[in-house]
>>> print(open('coords_37.cif').read())   # mmCIF, C-alpha atoms
data_data
#
loop_
_atom_site.label_atom_id
_atom_site.label_comp_id
_atom_site.auth_asym_id
_atom_site.auth_seq_id
_atom_site.Cartn_x
_atom_site.Cartn_y
_atom_site.Cartn_z
CA MET I 15 60.29 87.72 75.59
CA GLY I 16 60.32 85.55 72.50
CA LYS I 17 63.31 83.58 71.29
CA VAL I 18 64.99 84.87 68.14
CA ILE I 19 66.59 82.18 65.98
CA ALA I 20 68.59 82.93 62.85
CA VAL I 21 68.58 80.06 60.36
CA ALA I 22 71.87 80.44 58.52
CA ASN I 23 74.42 78.77 56.28
CA GLN I 24 76.41 80.49 53.55
CA LYS I 25 75.94 77.48 51.30
CA GLY I 26 72.78 77.54 49.22
CA GLY I 27 70.36 74.68 48.75
CA VAL I 28 70.69 73.24 52.25
CA GLY I 29 67.09 73.78 53.32
CA LYS I 30 67.19 77.05 55.27
CA SER I 31 63.90 78.42 53.96
CA THR I 32 62.30 74.98 54.02
CA THR I 33 63.23 74.62 57.68
CA VAL I 34 61.95 78.08 58.60
CA ILE I 35 58.62 77.49 56.84
CA ASN I 36 57.93 74.03 58.18
CA LEU I 37 59.26 74.36 61.72
CA ALA I 38 57.44 77.67 62.20
CA ALA I 39 54.19 76.17 60.90
CA TYR I 40 54.39 73.23 63.29
CA LEU I 41 55.08 75.46 66.29
CA GLY I 42 52.15 77.64 65.24
CA MET I 43 49.91 74.58 65.14
CA ARG I 44 51.01 73.86 68.70
CA GLY I 45 49.72 77.24 69.83
CA LYS I 46 53.00 79.16 69.78
CA LYS I 47 52.93 82.67 68.33
CA VAL I 48 55.54 82.71 65.58
CA LEU I 49 57.01 85.42 63.37
CA CYS I 50 59.18 84.63 60.35
CA ILE I 51 61.42 87.36 58.97
CA ASP I 52 62.64 86.78 55.43
CA ILE I 53 65.92 88.60 54.80
CA ASP I 54 66.92 86.52 51.79
CA PRO I 55 66.53 88.55 48.56
CA GLN I 56 65.34 85.37 46.85
CA GLY I 57 62.27 85.52 49.08
CA ASN I 58 61.73 81.77 49.21
CA ALA I 59 60.20 81.82 52.68
CA THR I 60 57.80 84.54 51.55
CA THR I 61 56.63 82.44 48.61
CA GLY I 62 56.49 79.31 50.75
CA PHE I 63 53.90 80.94 53.00
CA GLY I 64 51.71 81.73 49.99
CA ILE I 65 52.48 85.46 50.06
CA LYS I 66 52.44 87.08 46.63
CA LYS I 67 55.40 89.43 46.39
CA LYS I 68 53.76 91.74 43.84
CA GLY I 69 51.04 92.57 46.34
CA VAL I 70 53.45 93.39 49.20
CA GLU I 71 53.39 97.07 50.19
CA LEU I 72 56.00 97.01 52.95
CA SER I 73 58.82 94.49 53.25
CA ILE I 74 61.88 93.87 55.39
CA TYR I 75 63.78 96.16 53.00
CA ASP I 76 61.67 99.12 54.11
CA VAL I 77 62.34 98.21 57.73
CA LEU I 78 66.11 97.91 57.32
CA ILE I 79 66.55 101.24 55.55
CA GLY I 80 64.28 103.03 58.01
CA LYS I 81 61.24 103.70 55.82
CA ALA I 82 58.84 101.65 57.96
CA ARG I 83 58.43 100.09 61.37
CA ILE I 84 58.57 96.31 61.50
CA GLN I 85 55.07 96.26 63.01
CA ASP I 86 53.73 97.79 59.80
CA ALA I 87 55.45 95.17 57.64
CA VAL I 88 54.13 92.14 59.54
CA LEU I 89 51.59 90.13 57.55
CA ALA I 90 49.24 87.52 58.99
CA THR I 91 49.36 84.25 57.06
CA GLU I 92 46.53 81.78 56.59
CA PHE I 93 48.27 79.39 58.97
CA ASP I 94 47.66 79.11 62.72
CA ASN I 95 49.48 81.69 64.89
CA LEU I 96 51.94 82.44 62.10
CA CYS I 97 52.96 85.88 60.81
CA ALA I 98 55.69 86.91 58.38
CA VAL I 99 57.73 89.91 57.35
CA PRO I 100 58.19 89.34 53.61
CA ALA I 101 61.13 89.94 51.32
CA THR I 102 60.84 91.34 47.81
CA GLU I 103 63.28 92.00 44.97
CA SER I 104 64.12 95.41 46.45
CA LEU I 105 66.10 93.66 49.19
CA ALA I 106 68.81 92.76 46.66
CA GLY I 107 70.21 96.29 46.86
CA ALA I 108 70.11 96.51 50.64
CA GLU I 109 73.65 95.13 51.08
CA VAL I 110 75.09 98.17 49.27
CA GLU I 111 72.74 100.71 50.86
CA LEU I 112 73.44 99.49 54.39
CA LEU I 113 77.18 100.03 53.99
CA ASN I 114 76.72 103.81 54.20
CA MET I 115 74.21 103.78 57.07
CA GLU I 116 74.82 104.26 60.77
CA ASN I 117 74.53 101.14 62.94
CA ARG I 118 74.35 99.06 59.78
CA VAL I 119 74.79 95.76 61.63
CA ASN I 120 72.27 96.62 64.36
CA ARG I 121 69.32 97.72 62.24
CA LEU I 122 67.48 94.39 62.31
CA LYS I 123 68.16 93.99 66.03
CA MET I 124 66.57 97.35 66.80
CA ALA I 125 63.50 96.41 64.77
CA VAL I 126 63.15 92.94 66.31
CA LEU I 127 63.37 94.29 69.86
CA SER I 128 60.13 96.19 69.31
CA VAL I 129 58.16 92.97 68.62
CA LYS I 130 60.11 90.43 70.65
CA ASP I 131 57.59 90.39 73.47
CA VAL I 132 54.67 89.72 71.09
CA PHE I 133 55.88 86.35 69.79
CA ASP I 134 57.12 83.11 71.33
CA TYR I 135 59.50 82.43 68.44
CA ILE I 136 60.99 84.70 65.79
CA PHE I 137 62.79 82.94 62.94
CA ILE I 138 65.08 84.84 60.56
CA ASP I 139 65.65 83.22 57.18
CA CYS I 140 69.14 84.29 56.06
CA PRO I 141 70.58 84.54 52.54
CA PRO I 142 73.25 82.05 51.39
CA ALA I 143 76.11 84.45 52.09
CA LEU I 144 77.98 85.91 55.05
CA GLY I 145 77.28 89.53 54.09
CA THR I 146 75.67 92.46 55.89
CA LEU I 147 72.19 90.93 55.87
CA THR I 148 73.35 87.72 57.56
CA ILE I 149 75.45 89.71 60.06
CA ASN I 150 72.32 91.73 60.90
CA ALA I 151 70.49 88.47 61.60
CA LEU I 152 73.28 87.12 63.81
CA VAL I 153 73.42 90.35 65.79
CA ALA I 154 69.64 90.29 66.30
CA ALA I 155 69.42 86.60 67.21
CA ASP I 156 69.64 84.75 70.49
CA SER I 157 70.84 81.63 68.71
CA VAL I 158 71.68 80.18 65.28
CA MET I 159 70.19 77.08 63.71
CA ILE I 160 72.46 75.63 61.02
CA PRO I 161 70.88 73.38 58.38
CA MET I 162 73.52 71.44 56.47
CA LEU I 163 73.97 68.49 54.15
CA ALA I 164 75.82 65.39 55.28
CA GLU I 165 78.53 65.88 52.66
CA PHE I 166 82.28 66.41 52.91
CA PHE I 167 82.37 69.94 51.46
CA ALA I 168 79.63 70.99 53.90
CA LEU I 169 82.18 70.68 56.71
CA GLU I 170 84.23 73.53 55.24
CA GLY I 171 81.15 75.74 55.05
CA LEU I 172 80.29 74.90 58.66
CA SER I 173 83.78 75.89 59.78
CA GLN I 174 83.51 79.28 58.04
CA LEU I 175 80.09 79.98 59.54
CA VAL I 176 81.26 79.06 63.04
CA ASN I 177 84.18 81.50 62.68
CA THR I 178 81.73 84.23 61.66
CA ILE I 179 79.54 83.43 64.66
CA LYS I 180 82.59 83.78 66.92
CA ILE I 181 83.43 87.18 65.42
CA VAL I 182 79.85 88.42 65.86
CA LYS I 183 79.79 87.07 69.41
CA THR I 184 83.04 88.85 70.28
CA ASN I 185 82.18 92.20 68.72
CA TYR I 186 78.40 92.61 68.69
CA ASN I 187 76.36 89.91 70.41
CA PRO I 188 78.02 88.20 73.40
CA SER I 189 74.98 86.02 74.15
CA LEU I 190 74.81 84.46 70.67
CA ASP I 191 74.84 80.68 70.78
CA ILE I 192 74.39 77.77 68.39
CA GLU I 193 70.82 76.50 68.71
CA GLY I 194 71.67 73.32 66.86
CA ILE I 195 72.98 71.77 63.66
CA LEU I 196 70.28 70.18 61.54
CA PHE I 197 71.06 67.63 58.84
CA THR I 198 68.74 67.99 55.87
CA MET I 199 68.13 65.89 52.75
CA PHE I 200 69.65 63.11 54.81
CA ASP I 201 70.14 59.55 53.61
CA GLY I 202 71.27 57.29 56.43
CA ARG I 203 72.08 54.48 54.00
CA LEU I 204 75.18 56.35 52.81
CA ASN I 205 78.44 55.78 54.70
CA ILE I 206 79.65 59.31 53.95
CA ALA I 207 76.48 60.76 55.47
CA ASN I 208 76.98 58.88 58.73
CA ASP I 209 80.70 59.73 58.76
CA VAL I 210 79.93 63.45 58.42
CA VAL I 211 77.35 63.29 61.22
CA ALA I 212 79.89 61.55 63.48
CA GLU I 213 82.52 64.19 62.66
CA VAL I 214 80.18 67.08 63.44
CA GLU I 215 78.99 65.44 66.67
CA LYS I 216 82.65 65.04 67.68
CA TYR I 217 83.38 68.77 67.41
CA PHE I 218 79.93 70.02 68.43
CA PRO I 219 78.76 67.68 71.21
CA ASN I 220 75.12 68.14 72.21
CA LYS I 221 74.61 70.59 69.34
CA VAL I 222 73.40 68.21 66.63
CA PHE I 223 69.66 67.66 66.42
CA GLU I 224 68.64 64.06 66.84
CA THR I 225 66.04 64.62 64.13
CA LYS I 226 67.32 64.32 60.56
CA ILE I 227 65.24 65.67 57.68
CA PRO I 228 65.13 63.12 54.83
CA ARG I 229 64.83 63.76 51.12
CA ASN I 230 61.12 63.83 50.46
CA VAL I 231 59.20 64.69 47.31
CA ARG I 232 56.27 66.15 49.26
CA ILE I 233 58.57 68.64 51.01
CA SER I 234 59.75 69.82 47.59
CA GLU I 235 56.20 70.11 46.27
CA ALA I 236 54.72 72.07 49.17
CA PRO I 237 56.28 75.50 48.40
CA SER I 238 54.77 75.54 44.90
CA HIS I 239 51.37 75.38 46.60
CA GLY I 240 52.31 78.11 49.10
CA LYS I 241 51.89 75.76 52.06
CA PRO I 242 54.12 74.27 54.77
CA ILE I 243 54.37 70.50 54.61
CA VAL I 244 52.23 69.99 57.75
CA TYR I 245 49.36 71.67 55.87
CA TYR I 246 50.12 70.32 52.41
CA ASP I 247 50.45 66.64 53.32
CA LYS I 248 50.24 65.96 57.04
CA GLY I 249 50.68 62.23 56.53
CA SER I 250 53.96 62.42 54.61
CA LYS I 251 57.41 61.50 55.87
CA GLY I 252 58.42 65.11 55.42
CA ALA I 253 55.67 66.28 57.76
CA ASP I 254 56.67 63.61 60.27
CA SER I 255 60.29 64.77 60.24
CA TYR I 256 59.40 68.42 60.92
CA THR I 257 56.95 67.32 63.59
CA LEU I 258 59.81 65.49 65.31
CA LEU I 259 62.04 68.57 64.95
CA GLY I 260 59.31 70.68 66.53
CA LEU I 261 58.98 68.23 69.40
CA GLU I 262 62.74 68.36 69.90
CA MET I 263 62.64 72.16 69.94
CA LEU I 264 59.91 72.07 72.57
CA GLY I 265 61.82 69.52 74.66
CA GLU I 266 59.14 66.88 74.29
CA PRO I 267 59.53 63.12 73.64
CA LEU I 268 60.18 62.33 69.99
CA GLU I 269 57.03 60.30 69.48
CA LEU I 270 54.72 60.76 66.53
CA PRO I 271 50.97 60.54 67.11
CA LYS I 272 49.57 57.20 66.06
CA LYS I 273 47.98 57.28 62.65
CA LYS I 274 44.76 55.55 61.86
CA ARG I 275 45.11 52.85 59.30
CA ARG I 276 42.99 53.45 56.28
CA GLY I 277 41.90 50.55 54.10
CA ILE I 278 42.11 50.90 50.35
CA PHE I 279 39.05 48.80 49.63
CA HIS I 280 35.75 48.76 51.47
CA PHE I 281 33.44 45.81 51.00
CA THR I 282 29.80 45.77 51.95
CA LYS I 283 27.73 42.64 52.12
CA THR I 284 24.66 42.61 49.93
CA LYS I 285 21.93 40.00 49.91
CA ARG I 286 21.70 38.07 46.71
CA LYS I 287 18.26 37.84 45.26
CA LYS I 288 16.93 34.33 44.97
CA LYS I 289 16.14 33.19 41.48
CA ASN I 290 12.53 32.15 41.00
#
>>> encode(input="coords_37.cif", output="structure tokens")
Amino acid sequence: MGKVIAVANQKGGVGKSTTVINLAAYLGMRGKKVLCIDIDPQGNATTGFGIKKKGVELSIYDVLIGKARIQDAVLATEFDNLCAVPATESLAGAEVELLNMENRVNRLKMAVLSVKDVFDYIFIDCPPALGTLTINALVAADSVMIPMLAEFFALEGLSQLVNTIKIVKTNYNPSLDIEGILFTMFDGRLNIANDVVAEVEKYFPNKVFETKIPRNVRISEAPSHGKPIVYYDKGSKGADSYTLLGLEMLGEPLELPKKKRRGIFHFTKTKRKKKN
């Protein structure tokens, strides 16, 4: 059975979709079969995989309201061992529609169970809110990965999310656990950043990823090309950071492969003709 990981934080702009896209792509490159489910109405993960929303026939919306099976909504991407269930604009109304449906918090779980044995990892990209869609993800997941910024106000958001996780664990999903807390857009030169990391490590021992994702222009550029960073610019610092995160997820040593040094200039010796 595959592992289902919800990537969640009610604060926006912390790198949830970016983490789903890039971590999933790396694991796929390592031969793991990966499915990404986009349940964020903004559909950033969908776009980041190069999927054009206008051409999508079935989305996670159709799955949640019972119009389609999740198997029918799965799309193969152009990236190794990586599939996705896309989100479109129709998902924006799902919060209201789900309120009047039976088992409204279990609908994603029931869908995921039917494909859980097909994939090694299933990532769920959650919206920046603690509404019905995020609750569905937490109920369906085995664990929660929490991307967050190393800023003071981020601590309040983390506290609220942890309380929600406790409620879901008590009422719907007893086995739910925190996969790890991932610091994104991290700048280790800032005292406040290191203070926040120390504070989180104090209250969540052994739950903070050793890998920190730095601010990186190439990471920001990659989604506009519809590619994960490991395909867009494999030699960038952003690709290195998600490679390290992937290694940490797999329980492997955090060592990057040695890169060949490439010279900028190449000189070739030519024989000078003798003057007569």
>>> closest_atom_pairs(input="coords_37.cif", of="range 50-104 of chain I", to="range 131-152 of chain I", cutoff="7 Å", atoms="all atoms listed in the file", output="CSV")
residue,atom,partner,partner_atom,distance
I:Cys50,CA,I:Phe137,CA,4.8
I:Ile51,CA,I:Ile138,CA,4.7
I:Asp52,CA,I:Asp139,CA,5.0
I:Ile53,CA,I:Cys140,CA,5.5
I:Asp54,CA,I:Pro141,CA,4.2
I:Pro55,CA,I:Pro141,CA,7.0
>>> residues_around(input="coords_37.cif", residues="Asn208 in chain I", least_positions_apart="4", cutoff="12 Å", atoms="only C-alpha atoms", output="JSON, numbers by chain")
{"I": [163, 164, 165, 166, 197, 200, 201, 202, 203, 204, 212, 213, 214, 215, 226]}
>>> residues_near_point(input="coords_37.cif", point="(63.1, 96.5, 66.4)", cutoff="10 Å", atoms="only C-alpha atoms", output="list in words")
Val77, Leu78, Arg83, Ile84, Gln85, Asn120, Arg121, Leu122, Lys123, Met124, Ala125, Val126, Leu127, Ser128, Val129, Lys130 and Ala154 of chain I
>>> closest_residue(input="coords_37.cif", among="I:Glu116, I:Glu103, I:Glu92, I:Asp156", to="Gly240 in chain I", atoms="all atoms listed in the file")
I:Glu92
>>> closest_residue(input="coords_37.cif", among="I:Leu49, I:Ala236, I:Leu113, I:Ala59", to="Cys97 in chain I", atoms="all atoms listed in the file")
I:Leu49
>>> decode(input="coords_37.cif", residues="range 203-215 of chain I", atoms="all heavy atoms", output="JSON list (two decimals), in the first residue's frame")
[["chain", "number", "residue", "atom", "x", "y", "z"],
["I", 203, "ARG", "N", 20.88, 33.22, 7.26],
["I", 203, "ARG", "CA", 21.65, 34.38, 7.73],
["I", 203, "ARG", "C", 20.85, 35.24, 8.69],
["I", 203, "ARG", "O", 21.40, 36.10, 9.38],
["I", 203, "ARG", "CB", 22.08, 35.23, 6.53],
["I", 203, "ARG", "CG", 23.01, 34.51, 5.56],
["I", 203, "ARG", "CD", 23.20, 35.33, 4.29],
["I", 203, "ARG", "NE", 21.93, 35.55, 3.60],
["I", 203, "ARG", "CZ", 21.80, 36.28, 2.49],
["I", 203, "ARG", "NH1", 22.86, 36.85, 1.96],
["I", 203, "ARG", "NH2", 20.61, 36.43, 1.92],
["I", 204, "LEU", "N", 19.52, 35.04, 8.73],
["I", 204, "LEU", "CA", 18.65, 35.86, 9.57],
["I", 204, "LEU", "C", 18.50, 35.23, 10.96],
["I", 204, "LEU", "O", 18.18, 34.03, 11.08],
["I", 204, "LEU", "CB", 17.27, 36.00, 8.93],
["I", 204, "LEU", "CG", 17.25, 36.63, 7.52],
["I", 204, "LEU", "CD1", 15.83, 36.65, 6.99],
["I", 204, "LEU", "CD2", 17.84, 38.04, 7.54],
["I", 205, "ASN", "N", 18.69, 36.04, 11.99],
["I", 205, "ASN", "CA", 18.56, 35.53, 13.37],
["I", 205, "ASN", "C", 17.15, 35.04, 13.65],
["I", 205, "ASN", "O", 16.96, 34.01, 14.29],
["I", 205, "ASN", "CB", 18.93, 36.63, 14.37],
["I", 205, "ASN", "CG", 20.42, 36.94, 14.37],
["I", 205, "ASN", "OD1", 21.23, 36.08, 14.02],
["I", 205, "ASN", "ND2", 20.78, 38.15, 14.75],
["I", 206, "ILE", "N", 16.14, 35.78, 13.15],
["I", 206, "ILE", "CA", 14.76, 35.40, 13.41],
["I", 206, "ILE", "C", 14.45, 34.03, 12.80],
["I", 206, "ILE", "O", 13.73, 33.22, 13.38],
["I", 206, "ILE", "CB", 13.76, 36.46, 12.86],
["I", 206, "ILE", "CG1", 12.31, 36.07, 13.19],
["I", 206, "ILE", "CG2", 13.93, 36.67, 11.37],
["I", 206, "ILE", "CD1", 12.00, 35.99, 14.66],
["I", 207, "ALA", "N", 15.03, 33.76, 11.63],
["I", 207, "ALA", "CA", 14.81, 32.46, 10.98],
["I", 207, "ALA", "C", 15.34, 31.33, 11.84],
["I", 207, "ALA", "O", 14.66, 30.31, 12.07],
["I", 207, "ALA", "CB", 15.46, 32.45, 9.60],
["I", 208, "ASN", "N", 16.53, 31.49, 12.36],
["I", 208, "ASN", "CA", 17.13, 30.45, 13.20],
["I", 208, "ASN", "C", 16.42, 30.33, 14.54],
["I", 208, "ASN", "O", 16.29, 29.23, 15.08],
["I", 208, "ASN", "CB", 18.62, 30.75, 13.41],
["I", 208, "ASN", "CG", 19.42, 30.63, 12.12],
["I", 208, "ASN", "OD1", 19.44, 29.58, 11.49],
["I", 208, "ASN", "ND2", 20.06, 31.70, 11.71],
["I", 209, "ASP", "N", 15.91, 31.46, 15.06],
["I", 209, "ASP", "CA", 15.15, 31.42, 16.31],
["I", 209, "ASP", "C", 13.85, 30.65, 16.14],
["I", 209, "ASP", "O", 13.45, 29.87, 17.02],
["I", 209, "ASP", "CB", 14.85, 32.84, 16.79],
["I", 209, "ASP", "CG", 16.09, 33.58, 17.27],
["I", 209, "ASP", "OD1", 17.12, 32.91, 17.52],
["I", 209, "ASP", "OD2", 16.03, 34.82, 17.38],
["I", 210, "VAL", "N", 13.17, 30.87, 15.01],
["I", 210, "VAL", "CA", 11.91, 30.17, 14.75],
["I", 210, "VAL", "C", 12.16, 28.67, 14.59],
["I", 210, "VAL", "O", 11.40, 27.85, 15.13],
["I", 210, "VAL", "CB", 11.22, 30.74, 13.49],
["I", 210, "VAL", "CG1", 10.04, 29.86, 13.07],
["I", 210, "VAL", "CG2", 10.73, 32.16, 13.74],
["I", 211, "VAL", "N", 13.21, 28.31, 13.87],
["I", 211, "VAL", "CA", 13.55, 26.89, 13.72],
["I", 211, "VAL", "C", 13.79, 26.25, 15.08],
["I", 211, "VAL", "O", 13.28, 25.15, 15.37],
["I", 211, "VAL", "CB", 14.79, 26.72, 12.82],
["I", 211, "VAL", "CG1", 15.27, 25.26, 12.85],
["I", 211, "VAL", "CG2", 14.48, 27.13, 11.39],
["I", 212, "ALA", "N", 14.56, 26.93, 15.94],
["I", 212, "ALA", "CA", 14.85, 26.40, 17.27],
["I", 212, "ALA", "C", 13.58, 26.23, 18.09],
["I", 212, "ALA", "O", 13.41, 25.24, 18.82],
["I", 212, "ALA", "CB", 15.83, 27.34, 17.99],
["I", 213, "GLU", "N", 12.65, 27.19, 17.96],
["I", 213, "GLU", "CA", 11.39, 27.12, 18.71],
["I", 213, "GLU", "C", 10.54, 25.94, 18.24],
["I", 213, "GLU", "O", 9.95, 25.21, 19.06],
["I", 213, "GLU", "CB", 10.62, 28.44, 18.51],
["I", 213, "GLU", "CG", 9.40, 28.60, 19.40],
["I", 213, "GLU", "CD", 9.75, 28.90, 20.85],
["I", 213, "GLU", "OE1", 10.95, 29.11, 21.15],
["I", 213, "GLU", "OE2", 8.82, 28.91, 21.67],
["I", 214, "VAL", "N", 10.47, 25.75, 16.94],
["I", 214, "VAL", "CA", 9.67, 24.63, 16.40],
["I", 214, "VAL", "C", 10.31, 23.30, 16.78],
["I", 214, "VAL", "O", 9.61, 22.35, 17.15],
["I", 214, "VAL", "CB", 9.54, 24.76, 14.87],
["I", 214, "VAL", "CG1", 8.85, 23.53, 14.29],
["I", 214, "VAL", "CG2", 8.74, 26.01, 14.51],
["I", 215, "GLU", "N", 11.62, 23.22, 16.70],
["I", 215, "GLU", "CA", 12.31, 21.97, 17.08],
["I", 215, "GLU", "C", 12.12, 21.65, 18.55],
["I", 215, "GLU", "O", 12.09, 20.48, 18.95],
["I", 215, "GLU", "CB", 13.80, 22.08, 16.75],
["I", 215, "GLU", "CG", 14.10, 22.03, 15.26],
["I", 215, "GLU", "CD", 15.58, 22.20, 14.95],
["I", 215, "GLU", "OE1", 16.30, 22.76, 15.81],
["I", 215, "GLU", "OE2", 16.00, 21.77, 13.86]]
